[in-house]
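K.L.:
CSV, C-alpha atoms, file start-v9.csv:
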chain,number,residue,atom,x,y,z
A,19,MET,CA,56.0,30.6,-20.9
A,20,THR,CA,53.9,28.2,-18.9
A,21,LEU,CA,55.3,27.1,-15.5
A,22,ARG,CA,55.2,23.3,-15.2
A,23,PRO,CA,55.0,21.5,-11.9
A,24,LEU,CA,58.1,19.4,-12.5
A,25,GLY,CA,58.8,19.1,-8.7
A,26,THR,CA,55.3,17.7,-8.1
A,27,VAL,CA,55.6,15.3,-11.0
A,28,THR,CA,59.0,14.2,-9.7
A,29,GLU,CA,57.5,13.5,-6.3
A,30,ILE,CA,54.7,11.5,-7.9
A,31,VAL,CA,57.1,9.4,-10.0
A,32,GLU,CA,59.3,8.7,-7.0
A,33,SER,CA,56.3,7.8,-4.8
A,34,ALA,CA,55.5,5.2,-7.4
A,35,GLY,CA,59.0,3.7,-7.0
A,36,MET,CA,60.4,5.2,-10.2
A,37,GLY,CA,62.8,8.0,-11.0
A,38,VAL,CA,63.1,10.9,-13.3
A,39,SER,CA,66.2,10.8,-15.4
A,40,TYR,CA,65.8,14.0,-17.6
A,41,ALA,CA,63.4,16.8,-18.3
A,42,TYR,CA,63.4,18.7,-21.6
A,43,GLU,CA,60.9,21.3,-22.5
A,44,ASP,CA,57.5,19.6,-22.0
A,45,LEU,CA,58.9,16.1,-21.8
A,46,VAL,CA,59.9,14.1,-18.7
A,47,PHE,CA,62.1,11.0,-19.3
A,48,LEU,CA,61.9,8.3,-16.6
A,49,GLU,CA,64.6,6.0,-15.6
A,50,GLN,CA,62.3,3.2,-16.5
A,51,ASN,CA,62.1,3.5,-20.3
A,52,ALA,CA,58.6,2.1,-20.5
A,53,PHE,CA,57.0,5.6,-20.0
A,54,LEU,CA,57.6,9.1,-21.2
A,55,LEU,CA,55.6,12.0,-19.5
A,56,GLN,CA,54.5,15.1,-21.3
A,57,PHE,CA,53.0,18.2,-19.8
A,58,THR,CA,49.9,19.6,-21.4
A,59,ASP,CA,48.5,23.1,-21.5
A,60,LYS,CA,46.5,22.3,-18.4
A,61,GLU,CA,48.7,22.8,-15.3
A,62,GLN,CA,47.4,19.7,-13.5
A,63,GLU,CA,47.4,17.3,-16.4
A,64,VAL,CA,50.2,15.1,-17.7
A,65,LEU,CA,50.2,12.6,-20.5
A,66,ILE,CA,51.8,9.2,-20.0
A,67,HIS,CA,53.1,7.9,-23.3
A,68,ILE,CA,54.0,4.2,-23.5
A,69,ASN,CA,57.1,2.8,-25.2
A,70,GLU,CA,56.0,0.5,-28.0
A,71,GLU,CA,58.6,-2.0,-26.9
A,72,ALA,CA,57.3,-2.2,-23.3
A,73,GLU,CA,55.7,-5.5,-22.2
A,74,LYS,CA,52.0,-4.6,-22.0
A,75,ASN,CA,51.3,-7.0,-19.1
A,76,GLU,CA,54.2,-5.7,-17.1
A,77,ILE,CA,53.4,-2.0,-17.4
A,78,THR,CA,49.7,-2.1,-16.5
A,79,ALA,CA,50.3,-2.1,-12.8
A,80,ALA,CA,52.9,0.6,-13.0
A,81,LEU,CA,50.6,2.8,-15.2
A,82,CYS,CA,47.8,2.4,-12.6
A,83,LEU,CA,50.1,3.2,-9.8
A,84,LEU,CA,51.3,6.4,-11.4
A,85,GLN,CA,47.7,7.5,-12.0
A,86,LYS,CA,46.8,6.7,-8.4
A,87,LYS,CA,49.8,8.6,-7.0
A,88,ALA,CA,48.9,11.6,-9.3
A,89,GLU,CA,45.3,11.6,-8.0
A,90,GLU,CA,46.6,11.8,-4.4
A,91,ARG,CA,48.3,15.1,-5.4
A,92,THR,CA,45.3,16.4,-7.3
A,93,MET,CA,46.9,15.8,-10.7
A,94,LEU,CA,45.6,13.9,-13.6
A,95,PHE,CA,48.0,11.5,-15.4
A,96,CYS,CA,46.2,10.5,-18.6
A,97,LYS,CA,47.2,7.7,-21.0
A,98,GLY,CA,48.7,9.3,-24.1
A,99,ASN,CA,50.1,7.6,-27.2
A,100,TYR,CA,52.7,5.0,-27.9
A,101,TYR,CA,56.2,6.2,-28.8
A,102,ARG,CA,59.4,4.8,-30.4
A,103,LEU,CA,62.9,5.7,-29.5
A,104,SER,CA,65.8,5.5,-32.0
A,105,GLN,CA,69.3,6.9,-32.2
A,106,ALA,CA,69.4,9.9,-34.4
A,107,ASP,CA,73.2,10.4,-34.2
A,108,GLU,CA,75.9,9.9,-31.6
A,109,ASN,CA,74.6,12.5,-29.2
A,110,ASN,CA,70.8,12.6,-29.9
A,111,ILE,CA,67.8,10.4,-29.8
A,112,ARG,CA,64.7,10.5,-32.0
A,113,ILE,CA,61.3,10.2,-30.5
A,114,GLU,CA,58.5,9.2,-32.8
A,115,PHE,CA,54.9,9.4,-31.4
A,116,LEU,CA,52.7,6.7,-33.1
Translate this file's structure into structure tokens.

P.N.:
Amino acid sequence: MTLRPLGTVTEIVESAGMGVSYAYEDLVFLEQNAFLLQFTDKEQEVLIHINEEAEKNEITAALCLLQKKAEERTMLFCKGNYYRLSQADENNIRIEFL
């Protein structure tokens, strides 16, 4: 099992004025629903997936800020894919990467 730098990623997210709401396996859910982070096989690299419903012109600055804060901690936050969230059932959500 690969150790993932969740603490460092949480610090990066918080330094960008955002918060982590939940982490599950290789995914990190942010309080701001516009982004979803995913650890890669490279310890210092994280993918930033973008919610398809997010306003593109409103997230550009936030995306750049996350990437800048990651660089300050010698991590690389790369733009990933778009994703869609839907309710699978009463207790679960479905994530579809586009």

K.L.:
Which segment 55-113 of chain A residues have any atom within 6 Å of an atom of segment 25-48 of chain A, and for each, what is the nearest pair of atoms with distance in Å to one decimal, counting all atoms listed in the file, rows sorted by chain and number, as a Markdown table?

P.N.:
| residue | atom | partner | partner_atom | distance |
| --- | --- | --- | --- | --- |
| A:Leu55 | CA | A:Val46 | CA | 4.9 |
| A:Gln56 | CA | A:Leu45 | CA | 4.5 |
| A:Phe57 | CA | A:Asp44 | CA | 5.2 |
| A:Leu84 | CA | A:Ala34 | CA | 5.9 |
| A:Lys87 | CA | A:Ile30 | CA | 5.8 |
| A:Ala88 | CA | A:Ile30 | CA | 6.0 |

K.L.:
Please list as a PDB file with C-alpha atoms, keeping the file's coordinate frame every residue within 12 Å of Ile111 of chain A, counting all atoms listed in the file and excluding residues in the same chain fewer than 6 positions away.

P.N.:
ATOM      1  CA  PHE A  47      62.100  11.000 -19.300  1.00  0.00           C
ATOM      2  CA  ARG A 102      59.400   4.800 -30.400  1.00  0.00           C
ATOM      3  CA  LEU A 103      62.900   5.700 -29.500  1.00  0.00           C
ATOM      4  CA  SER A 104      65.800   5.500 -32.000  1.00  0.00           C
ATOM      5  CA  GLN A 105      69.300   6.900 -32.200  1.00  0.00           C
TER       6      GLN A 105
END

K.L.:
As an exercise, work out the distance from atom CA of Glu76 of chain A to atom CA of Glu89 of chain A in Å and give it to one decimal place.

P.N.:
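Computing the Euclidean distance for atom CA of Glu76 of chain A and atom CA of Glu89 of chain A yields 21.5 Å.
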
K.L.:
Might you pull out every residue within 8 Å of segment 93-98 of chain A, with all atoms listed in the file counted and same-chain residues fewer than 6 positions away left off, and present them as a list in words?

P.N.:
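That gives Gln62, Glu63, Val64, Leu65, Ile66, His67, Ile68, Leu84 and Gln85 of chain A.
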
K.L.:
Measure the distance from atom CA of Tyr101 of chain A to atom CA of Leu54 of chain A in Å and round it to one decimal.

P.N.:
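Distance between the two atoms: 8.3 Å.
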